[in-house]
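A.B. asks: Structure provided below as structure tokens; questions to follow.
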Amino acid sequence: MPSFLKNGEKEKKQPLVYKLDLTRIQGDGEFPCPNCGVTISPEDETEDVYCILETKVDGQALEELIVQCNKCASQIRLIGFHILRGHCVAC
Ligand SMILES: [Zn+2]
């Protein structure tokens with residue numbers, strides 16, 4: 001048995017999790033689902049295409065967002081939000 005599987009857990013229960021760096025995305029933040037290719041737009045607030053599972057905030061700034069594609073149930077972990085703020089937070 002592969003070591004990443006815990007006792008009694010079936011592999012099918014584990015959702016696919018992708019990591020997406022926003023600094024590599026061109027444009028206004030839209031991106032295709034890494035699994036099924038559906039367009040996920042931050043402007044879309046209907047939750048038809050995706051829903052937000054978790055937000056991680058560092059102070060006042062968004063640091064990480066975990067969304068789930070409603071079409072294929074993949075989870076996508078979004079990082080790199082600092083570029084959307086227009087300045088380097090480390091400086
Ligand atoms: Zn998908």
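Quick note on naming: the chains in the structure tokens go A, B, ... in the order shown, residues restart at 1 in each chain, and ligands are numbered from 1 in order of appearance.
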Compute the set of protein, DNA and RNA residues whose minimum atom distance to ligand 1 is at most 7 Å, using only C-alpha atoms and all ligand atoms, and state it as a PyMOL selection string.

C.D. replies: chain A and resi 33-38+69-74

A.B. asks: If DSSP is run on the backbone, what residues of region 12-59 of chain A are strand (DSSP E or B)? A reply as a list in words would be ideal.

C.D. replies: Val17, Tyr18, Lys19, Leu20, Asp21, Phe31, Pro32, Thr39, Ile40, Tyr50, Cys51, Ile52, Leu53, Glu54, Thr55, Lys56, Val57 and Asp58 of chain A

A.B. asks: For the selection you just gave me, I'd like the residues written to a file as a tab-separated table (two decimals), in the first residue's frame, keeping C-alpha atoms.

C.D. replies:
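The new file result25.tsv reads:
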chain	number	residue	atom	x	y	z
A	17	VAL	CA	-5.82	19.52	-5.23
A	18	TYR	CA	-4.04	21.81	-7.62
A	19	LYS	CA	-1.84	24.73	-6.76
A	20	LEU	CA	-2.09	27.82	-8.88
A	21	ASP	CA	0.23	30.79	-8.71
A	31	PHE	CA	-7.99	30.98	-15.07
A	32	PRO	CA	-9.03	27.61	-16.44
A	39	THR	CA	-13.12	29.15	-16.79
A	40	ILE	CA	-13.01	30.27	-13.20
A	50	TYR	CA	-16.86	27.23	-8.28
A	51	CYS	CA	-17.23	27.83	-4.59
A	52	ILE	CA	-14.78	29.15	-2.04
A	53	LEU	CA	-13.76	26.60	0.55
A	54	GLU	CA	-11.25	28.54	2.57
A	55	THR	CA	-9.57	31.91	2.72
A	56	LYS	CA	-6.32	32.62	4.49
A	57	VAL	CA	-5.61	36.18	5.43
A	58	ASP	CA	-2.33	37.71	6.51

A.B. asks: Using only C-alpha atoms, which residues sit within 9 Å of Gly80 (chain A) once same-chain residues fewer than 6 positions away are excluded, as a list in words?

C.D. replies: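 With the cut-off at 9 Å, the set is Leu20, Asp21, Leu22, Thr23, Arg24, Glu63 and Glu64 of chain A.
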
A.B. asks: Keeping only N, CA and C atoms, take the residues you just selected and write them out as a CSV table (one decimal), in the first residue's frame.

C.D. replies:
chain,number,residue,atom,x,y,z
A,20,LEU,N,-2.2,26.9,-7.8
A,20,LEU,CA,-2.1,27.8,-8.9
A,20,LEU,C,-1.5,29.1,-8.4
A,21,ASP,N,-0.4,29.6,-9.1
A,21,ASP,CA,0.2,30.8,-8.7
A,21,ASP,C,-0.3,31.9,-9.6
A,22,LEU,N,-1.0,32.9,-8.9
A,22,LEU,CA,-1.6,34.0,-9.7
A,22,LEU,C,-0.5,34.9,-10.4
A,23,THR,N,0.7,34.8,-10.0
A,23,THR,CA,1.7,35.6,-10.6
A,23,THR,C,2.0,35.1,-12.0
A,24,ARG,N,1.6,33.8,-12.3
A,24,ARG,CA,1.8,33.3,-13.6
A,24,ARG,C,0.6,33.4,-14.5
A,63,GLU,N,-4.0,36.1,1.5
A,63,GLU,CA,-2.8,35.4,1.2
A,63,GLU,C,-3.0,34.1,0.4
A,64,GLU,N,-4.1,33.5,0.6
A,64,GLU,CA,-4.4,32.2,0.0
A,64,GLU,C,-5.8,32.0,-0.1

A.B. asks: Could you state the separation of CA of Ile66 (chain A) and CA of Leu78 (chain A) in Å, given to one decimal place?

C.D. replies: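 CA of Leu78 (chain A) lies 6.1 Å from CA of Ile66 (chain A).
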
A.B. asks: Could you please determine the separation between CA of Ile25 (chain A) and CA of Phe81 (chain A) in Å, to one decimal place?

C.D. replies: 11.1 Å
